[in-house]
Amino acid sequence: MAGLTGHPVLEIGDKFEELQNNIINNNKNKEVIDKAGLVVKGEENSNNNNNNQGGERDMAPPTSNSLHRSGSRPQLDLSKAAIQGNSEERDPTILLPNQSDDISHFALDIGGSLIKLVYFSRHEGQSIDDKRKKTVKEISNGSRRSYPILGGRLHFVKFETSKLNECLDFISSKQLHNGRIDSHYWNSEAPNKENAVIKATGGGAYKFADLFKERLGVSIDKEDEMDCLVAGANFLLKAIRHEAFTHMEGHKEFVQIDHNDLFPYLLVNVGSGVSMIKVDGDGKFQRVSGTNVGGGTYWGLGRLLTKCNSFDELLELSQRGDNRTIDMLVGDIYGGMDYSKIGLSASTIASSFGKAISDKKELEDHRPEDISLSLLRMISYNIGQISYLNALRFGLKRIFFGGFFIRGHAYTMDTISFAVHFWSQGQAQAMFLRHEGFLGALGAFMSYEKLGLDDLMVHQLVERFPMGAPYTGGKIHGPPLGNLNEKISWMEKFVLKGTEITAPVPMAPPGTTGLGGFEVPSSKGGTLRSDASALNVGVLHLVPTLEVFPLLANPKMYEPNTIDLSDHCELEYWFTVLSEHLPDLVDKAVASEGGTDDAKRRGDAFARAFSAHLARLMEEPAAYGKLGLANLLELREECLREFQFLDAYRSIKQRENEVSLAVLPDLLMELDRMDEEARLLTLIEGVLAANIFDWGSRACVDLYHKGTIIDIYRMSRNKMQRPWRVDDFDLFRERMLGSEGKKPRPHKRALLFVDNSGADVVLGMLPLARELLRRGTEMMVVLYKCDNFGTLIVVLVANSLPALNDVTAMELPDIVAEAAKHCDILRRAAEAGGLLVDAMTNTLDGSKENCSSVPLMVVENGCGSPCIDLRQVSSELASAAKHADLIILEGMGRALHTNFNARFKCEALKLAMVKNQRLAEKLIKGEIYDCVCRYEPAS
Ligand SMILES: CC(C)(COP(=O)(O)O)[C@@H](O)C(=O)NCCC(=O)O
Ligand SMILES: [Mn+2]
């Protein structure tokens, strides 16, 4: 095709277009001969309108390309999950997925009103069995760590103590008490049922011991409550990144706890009564105070005064309350004025329930709502004040509040925070815990010896929020369901509940309470979420193989997300983008599974589940911990996997790979005709231009639906005129090629984080890798004679699991092998890197000699998302990174949404095309399709 841009490389566009059209227009498996005589297999597409969806729907689900679970992020087995009883009930009993794990372990905290259960299910790690095995070994010089087998999941479930039988049924149906116990992993008391011992704390551990023996045949090993509370709190504060948060005037903010600077602190556990514990270290603590005015007081007095039937009902009443009708405020005493001399505003409560004395009203004359709110504030404030006084007594700045009284309830937390802040004059801080109710149960769990939990690090835990596991909706417990089908029908029913669950959470508008004052709750929704006491916690995946990327300049300060979704406008925008993208994604997902009725139902269930998550997060962005765009994008992928869509873009990726591989030889030939300088520029342009092939961008998907690939490619290449919006190319070129005749020091090891399948990797990143290989090999030949130059390696880093159309580490070796058929540099490098174990069949010259070459390797990153959080990468990648001196991050997800602001110990090149107008404006003050080429020397 003439006149694409006049740039020679763009001639490949002709071939691209021709191949694409041929493939689209030809019948299934019809062979297409391209200009160069290469044979490309076409895919079926019965409709010729360039819309490939119809064709995909007809395809049978592929069997060979199943999900690669390399062990970095274990997946849930969702084969068993259920709704129990009548799903039309207000709070249906929802059953946890039953997973066929071979080891279970659990512990209980049996309190006066609630039973908290923590259980562990081990996930069978799957070994890496692919062409990269050899690569991995070589990179790590045979010194891979051998990890204790601890990978698995930690679940959090609660039951009402009055419904102990439900708890026993749950344990029995999940066979938790019969879990196979392997002394190699768990130094448990007894491997057989007769002598089985379970750890429990709380008064119920004594009260119900006989019942456990009778019903489950297990003995209860009673653990001290304070020991457990402290052990649980210490574990959470050390191991969970977004565990602690402040809550002031309706605003929640997560606090980064420095593990080395955690102690001492005051732990306030608010259950029926209140304990205040000074914690000085692991197992080092002292109960310094407490108060008998706690959760039991609120519930007991509240029940008497309002006739409420449950704690949650009482809490819900408070949402609609106005305490000014019953509390005596400073303004009531001072004729509406502040008492500013001592810092009290008119709206400060001078005396809780004070107005009840002077008014001639009887109990019936007061609204139960007002009574509930007044009571809640009185008790919360009192707890906050006594806690602060104790913190002052011992010189403690940090106070963590736990216990199920708090229940994530905004007013309770605001009141406690206000008291601490007010009395300490801002010197002390009240902090709350996401797993507030599970401290005791977790502590009991940790008392199993040699569990290894206390050694876990933040980066080894990944929190997931599957539907059907302890999600925020309703109560989740009971015997397991039979299969995924039942889970889907549960989802279909759950959606009815889901709309209730996602009803607005009333919160005080920020900044209205003033000094000492409390405004009336803005009770727009009128009701508390039906799951007010439910869990805002997910399943904790324990993944011992995850590591912090060793090249981060400052791991403690590292924040992966560029976009902070705590800004509501921003959240709303991305919420809309993701919602609008959903129908297209469901289409692709369903088509990828053959378009069967089963796939359609799963697609529907996926859409409902993901929408419910989005709606939940819209109301309370911090519900699942600190929320960034990367988390939303990952949640979508997790949700797809939950409904067993293992690779929604599988066939699209395959087709684009084939087309791109067919034109690769011509591209390489053109590149080889250029001088070094022109070639480097063309290569970087190539990466940027080909990054347009992104099925996650709405703008790009629209382009795909409207035009041919060549149209897109042409537009993309036309955008390549420099200067790019962020353009450090000259710096990079100087670093690579030197200046004024001076040859630069070659890089020893380059890590290339690749992004999309098809043109992006084949025509963009692979040629760039090839250039590094070529330069490395040339250097090797020169340096070998005179110097000990160290190792030169080029590593392609790709996703462990599919995400959109991103290429995975499993797919890359075949792509490289295919490319290597037409390129000696790639062939030798791939052979040297162990990528061509059996994939090579035909080489250009037929020779098989393994001449000296810089090796090309493939490493998985440990992620299944379009973005990358470098605090949690595979051990393989961490190991490969150790001697790297250049990293190249490619794509919007990896280089812009995340890591745009990240600094590295080595040189970094960030390359991406911005395929979203808003992001372009915000991040680089540019336009959609602008490009970023950011080069940063080592920090
Ligand atoms: C999901 C993505 C980050 C993938 O981009 P990539 O990393 O492949 O360059 C990107 O497509 C994206 O941000 N999409 C959502 C925004 C939109 O549709 O405009
Ligand atoms: Mn991508």
# chains A, B, ... in the order shown; residues from 1 in each chain; ligands from 1
>>> residues_near_ligand(ligand="ligand 1", cutoff="8 Å", atoms="only C-alpha atoms and all ligand atoms", output="MDAnalysis selection string")
chainID A and resid 574 577:578 581 633 691:700 755:756 804:806 866:867 890:895 897 912:917
>>> write_last_selection(atoms="N, CA and C atoms", output="tab-separated table (two decimals), in the first residue's frame")
chain	number	residue	atom	x	y	z
A	574	TRP	N	-13.63	6.31	35.95
A	574	TRP	CA	-13.14	4.95	35.63
A	574	TRP	C	-14.23	3.91	35.82
A	577	VAL	N	-16.08	4.10	32.61
A	577	VAL	CA	-15.30	3.46	31.53
A	577	VAL	C	-15.41	1.94	31.63
A	578	LEU	N	-15.21	1.43	32.83
A	578	LEU	CA	-15.24	-0.03	32.99
A	578	LEU	C	-16.64	-0.58	32.79
A	581	HIS	N	-17.40	-0.72	29.15
A	581	HIS	CA	-16.61	-1.72	28.44
A	581	HIS	C	-17.14	-3.14	28.68
A	633	LEU	N	-8.67	-2.78	37.73
A	633	LEU	CA	-8.40	-3.56	36.51
A	633	LEU	C	-8.08	-5.01	36.87
A	691	ASN	N	1.86	-0.34	20.32
A	691	ASN	CA	1.15	-0.40	21.61
A	691	ASN	C	-0.32	0.01	21.45
A	692	ILE	N	-0.68	0.44	20.26
A	692	ILE	CA	-2.08	0.79	20.02
A	692	ILE	C	-2.98	-0.45	20.01
A	693	PHE	N	-2.39	-1.60	19.80
A	693	PHE	CA	-3.22	-2.80	19.70
A	693	PHE	C	-3.59	-3.30	21.09
A	694	ASP	N	-4.55	-2.61	21.63
A	694	ASP	CA	-4.92	-2.77	23.04
A	694	ASP	C	-6.44	-2.96	23.12
A	695	TRP	N	-6.83	-4.14	23.51
A	695	TRP	CA	-8.27	-4.43	23.58
A	695	TRP	C	-8.89	-3.97	24.89
A	696	GLY	N	-8.11	-3.32	25.70
A	696	GLY	CA	-8.66	-2.82	26.96
A	696	GLY	C	-9.09	-1.37	26.86
A	697	SER	N	-8.72	-0.72	25.78
A	697	SER	CA	-9.06	0.70	25.63
A	697	SER	C	-10.31	0.83	24.79
A	698	ARG	N	-11.25	1.59	25.32
A	698	ARG	CA	-12.52	1.75	24.59
A	698	ARG	C	-12.27	2.40	23.24
A	699	ALA	N	-11.41	3.41	23.22
A	699	ALA	CA	-11.13	4.10	21.97
A	699	ALA	C	-10.56	3.12	20.95
A	700	CYS	N	-9.67	2.27	21.38
A	700	CYS	CA	-9.05	1.32	20.45
A	700	CYS	C	-10.07	0.28	19.99
A	755	ASP	N	3.91	-6.19	26.85
A	755	ASP	CA	2.50	-5.89	27.11
A	755	ASP	C	1.59	-6.78	26.25
A	756	ASN	N	1.13	-6.25	25.13
A	756	ASN	CA	0.07	-6.94	24.38
A	756	ASN	C	0.61	-7.98	23.40
A	804	LEU	N	-6.74	-9.26	29.62
A	804	LEU	CA	-7.07	-8.66	28.33
A	804	LEU	C	-6.29	-9.39	27.23
A	805	ASN	N	-5.68	-8.59	26.33
A	805	ASN	CA	-4.92	-9.26	25.26
A	805	ASN	C	-3.42	-9.28	25.54
A	806	ASP	N	-3.06	-9.17	26.80
A	806	ASP	CA	-1.63	-9.22	27.14
A	806	ASP	C	-1.06	-10.61	26.86
A	866	PRO	N	-3.46	-6.17	33.83
A	866	PRO	CA	-2.78	-5.33	32.82
A	866	PRO	C	-1.76	-4.39	33.44
A	867	CYS	N	-1.78	-4.28	34.77
A	867	CYS	CA	-0.83	-3.40	35.45
A	867	CYS	C	0.15	-4.26	36.25
A	890	GLU	N	6.75	-1.44	29.24
A	890	GLU	CA	5.98	-1.04	28.08
A	890	GLU	C	4.48	-1.09	28.34
A	891	GLY	N	3.75	-0.15	27.77
A	891	GLY	CA	2.29	-0.17	27.80
A	891	GLY	C	1.71	0.73	28.87
A	892	MET	N	0.46	1.05	28.62
A	892	MET	CA	-0.24	1.97	29.52
A	892	MET	C	-0.36	1.40	30.93
A	893	GLY	N	-0.70	0.12	30.99
A	893	GLY	CA	-0.93	-0.49	32.30
A	893	GLY	C	0.34	-0.52	33.15
A	894	ARG	N	1.44	-0.96	32.55
A	894	ARG	CA	2.66	-1.17	33.32
A	894	ARG	C	3.53	0.08	33.46
A	895	ALA	N	3.41	0.99	32.47
A	895	ALA	CA	4.30	2.16	32.51
A	895	ALA	C	3.58	3.46	32.86
A	897	HIS	N	-0.40	3.69	34.12
A	897	HIS	CA	-1.32	3.52	35.26
A	897	HIS	C	-0.54	3.12	36.51
A	912	ALA	N	5.04	4.01	26.18
A	912	ALA	CA	3.61	3.71	26.06
A	912	ALA	C	2.92	4.71	25.15
A	913	MET	N	1.88	4.22	24.53
A	913	MET	CA	0.98	5.13	23.84
A	913	MET	C	-0.22	5.34	24.76
A	914	VAL	N	-0.64	6.59	24.91
A	914	VAL	CA	-1.77	6.89	25.79
A	914	VAL	C	-3.06	6.74	24.99
A	915	LYS	N	-3.85	5.75	25.37
A	915	LYS	CA	-5.04	5.46	24.56
A	915	LYS	C	-6.32	5.87	25.29
A	916	ASN	N	-6.19	6.91	26.05
A	916	ASN	CA	-7.35	7.41	26.78
A	916	ASN	C	-7.19	8.93	26.91
A	917	GLN	N	-8.20	9.65	26.43
A	917	GLN	CA	-8.11	11.11	26.37
A	917	GLN	C	-7.88	11.74	27.74
>>> select_by_dssp(residues="region 813-929 of chain A", states="strand (DSSP E)", output="list in words")
Leu856, Met857, Val858, Val859, Glu860, Leu886, Ile887, Ile888, Leu889, Glu890, Glu907, Ala908, Leu909, Lys910, Leu911, Ala912 and Met913 of chain A
>>> residues_around(residues="Arg722 (chain A)", least_positions_apart="5", cutoff="12 Å", atoms="only C-alpha atoms", output="list in words")
Leu681, Thr682, Ile684, Glu685, Leu688, Arg717, Asp727, Asp728, Phe729, Asp730, Asp930, Cys931, Val932 and Cys933 of chain A
>>> write_last_selection(atoms="all heavy atoms", output="mmCIF file, in the first residue's frame")
data_model
loop_
_atom_site.group_PDB
_atom_site.id
_atom_site.type_symbol
_atom_site.label_atom_id
_atom_site.label_comp_id
_atom_site.auth_asym_id
_atom_site.auth_seq_id
_atom_site.Cartn_x
_atom_site.Cartn_y
_atom_site.Cartn_z
ATOM 1 N N LEU A 681 15.897 4.545 16.538
ATOM 2 C CA LEU A 681 14.698 5.385 16.530
ATOM 3 C C LEU A 681 13.504 4.607 15.988
ATOM 4 O O LEU A 681 12.404 4.631 16.559
ATOM 5 C CB LEU A 681 14.939 6.650 15.694
ATOM 6 C CG LEU A 681 13.719 7.557 15.522
ATOM 7 C CD1 LEU A 681 13.202 8.060 16.875
ATOM 8 C CD2 LEU A 681 14.044 8.754 14.618
ATOM 9 N N THR A 682 13.727 3.904 14.896
ATOM 10 C CA THR A 682 12.633 3.145 14.287
ATOM 11 C C THR A 682 12.114 2.069 15.244
ATOM 12 O O THR A 682 10.916 1.804 15.311
ATOM 13 C CB THR A 682 13.120 2.486 12.978
ATOM 14 O OG1 THR A 682 13.737 3.500 12.193
ATOM 15 C CG2 THR A 682 11.967 1.872 12.216
ATOM 16 N N ILE A 684 12.137 2.179 18.576
ATOM 17 C CA ILE A 684 11.330 2.789 19.651
ATOM 18 C C ILE A 684 9.983 3.231 19.074
ATOM 19 O O ILE A 684 8.924 3.013 19.683
ATOM 20 C CB ILE A 684 12.087 3.974 20.297
ATOM 21 C CG1 ILE A 684 13.391 3.485 20.937
ATOM 22 C CG2 ILE A 684 11.207 4.666 21.330
ATOM 23 C CD1 ILE A 684 13.240 2.497 22.083
ATOM 24 N N GLU A 685 10.029 3.814 17.876
ATOM 25 C CA GLU A 685 8.762 4.176 17.218
ATOM 26 C C GLU A 685 7.874 2.951 17.056
ATOM 27 O O GLU A 685 6.666 3.010 17.249
ATOM 28 C CB GLU A 685 9.038 4.738 15.817
ATOM 29 C CG GLU A 685 9.476 6.166 15.782
ATOM 30 C CD GLU A 685 9.740 6.633 14.348
ATOM 31 O OE1 GLU A 685 9.699 5.782 13.415
ATOM 32 O OE2 GLU A 685 9.990 7.820 14.168
ATOM 33 N N LEU A 688 6.173 2.058 20.310
ATOM 34 C CA LEU A 688 5.100 2.994 20.643
ATOM 35 C C LEU A 688 3.901 2.805 19.724
ATOM 36 O O LEU A 688 2.746 2.763 20.168
ATOM 37 C CB LEU A 688 5.620 4.433 20.552
ATOM 38 C CG LEU A 688 6.714 4.803 21.564
ATOM 39 C CD1 LEU A 688 7.300 6.177 21.256
ATOM 40 C CD2 LEU A 688 6.157 4.771 22.987
ATOM 41 N N ARG A 717 1.223 5.066 13.173
ATOM 42 C CA ARG A 717 2.542 5.457 12.665
ATOM 43 C C ARG A 717 2.600 6.957 12.383
ATOM 44 O O ARG A 717 3.619 7.603 12.596
ATOM 45 C CB ARG A 717 2.887 4.699 11.373
ATOM 46 C CG ARG A 717 3.015 3.205 11.514
ATOM 47 C CD ARG A 717 4.061 2.755 12.492
ATOM 48 N NE ARG A 717 5.387 3.323 12.327
ATOM 49 C CZ ARG A 717 6.525 2.662 12.483
ATOM 50 N NH1 ARG A 717 6.498 1.363 12.779
ATOM 51 N NH2 ARG A 717 7.675 3.253 12.343
ATOM 52 N N ASP A 727 9.445 12.937 25.711
ATOM 53 C CA ASP A 727 10.421 12.470 24.728
ATOM 54 C C ASP A 727 11.854 12.569 25.264
ATOM 55 O O ASP A 727 12.498 13.612 25.194
ATOM 56 C CB ASP A 727 10.272 13.292 23.441
ATOM 57 C CG ASP A 727 11.059 12.681 22.298
ATOM 58 O OD1 ASP A 727 12.007 11.918 22.565
ATOM 59 O OD2 ASP A 727 10.736 12.959 21.134
ATOM 60 N N ASP A 728 12.316 11.459 25.820
ATOM 61 C CA ASP A 728 13.705 11.395 26.294
ATOM 62 C C ASP A 728 14.543 10.539 25.352
ATOM 63 O O ASP A 728 15.577 9.991 25.758
ATOM 64 C CB ASP A 728 13.759 10.755 27.699
ATOM 65 C CG ASP A 728 13.086 11.606 28.753
ATOM 66 O OD1 ASP A 728 12.979 12.828 28.540
ATOM 67 O OD2 ASP A 728 12.654 11.053 29.782
ATOM 68 N N PHE A 729 14.095 10.452 24.106
ATOM 69 C CA PHE A 729 14.788 9.536 23.204
ATOM 70 C C PHE A 729 16.262 9.908 23.038
ATOM 71 O O PHE A 729 17.132 9.042 22.991
ATOM 72 C CB PHE A 729 14.095 9.478 21.834
ATOM 73 C CG PHE A 729 14.842 8.612 20.868
ATOM 74 C CD1 PHE A 729 14.796 7.225 20.978
ATOM 75 C CD2 PHE A 729 15.660 9.166 19.884
ATOM 76 C CE1 PHE A 729 15.524 6.407 20.119
ATOM 77 C CE2 PHE A 729 16.393 8.355 19.021
ATOM 78 C CZ PHE A 729 16.311 6.978 19.137
ATOM 79 N N ASP A 730 16.533 11.210 22.939
ATOM 80 C CA ASP A 730 17.924 11.614 22.700
ATOM 81 C C ASP A 730 18.846 11.139 23.827
ATOM 82 O O ASP A 730 19.966 10.695 23.591
ATOM 83 C CB ASP A 730 18.025 13.133 22.530
ATOM 84 C CG ASP A 730 17.332 13.571 21.241
ATOM 85 O OD1 ASP A 730 17.159 12.707 20.347
ATOM 86 O OD2 ASP A 730 16.940 14.740 21.152
ATOM 87 N N ASP A 930 -1.109 10.211 22.038
ATOM 88 C CA ASP A 930 0.233 10.765 22.254
ATOM 89 C C ASP A 930 1.112 9.666 22.858
ATOM 90 O O ASP A 930 0.602 8.689 23.414
ATOM 91 C CB ASP A 930 0.181 11.936 23.238
ATOM 92 C CG ASP A 930 -0.159 13.249 22.543
ATOM 93 O OD1 ASP A 930 -0.211 13.245 21.295
ATOM 94 O OD2 ASP A 930 -0.379 14.247 23.241
ATOM 95 N N CYS A 931 2.418 9.885 22.752
ATOM 96 C CA CYS A 931 3.319 8.826 23.225
ATOM 97 C C CYS A 931 4.237 9.296 24.349
ATOM 98 O O CYS A 931 4.550 10.479 24.460
ATOM 99 C CB CYS A 931 4.177 8.324 22.070
ATOM 100 S SG CYS A 931 3.202 7.372 20.924
ATOM 101 N N VAL A 932 4.639 8.317 25.136
ATOM 102 C CA VAL A 932 5.560 8.581 26.242
ATOM 103 C C VAL A 932 6.822 7.754 26.036
ATOM 104 O O VAL A 932 6.752 6.537 25.837
ATOM 105 C CB VAL A 932 4.913 8.166 27.589
ATOM 106 C CG1 VAL A 932 5.917 8.247 28.724
ATOM 107 C CG2 VAL A 932 3.685 9.024 27.884
ATOM 108 N N CYS A 933 7.957 8.447 26.015
ATOM 109 C CA CYS A 933 9.247 7.746 25.988
ATOM 110 C C CYS A 933 10.068 8.392 27.103
ATOM 111 O O CYS A 933 10.672 9.436 26.919
ATOM 112 C CB CYS A 933 9.920 7.931 24.622
ATOM 113 S SG CYS A 933 11.620 7.354 24.590
#
>>> closest_residue(among="A:Leu629, A:Leu763, A:Leu640, A:Leu154", to="Leu668 (chain A)", atoms="only C-alpha atoms")
A:Leu763
>>> atom_distance(atom1="CA of Ile198 (chain A)", atom2="CA of Ser162 (chain A)")
20.5 Å
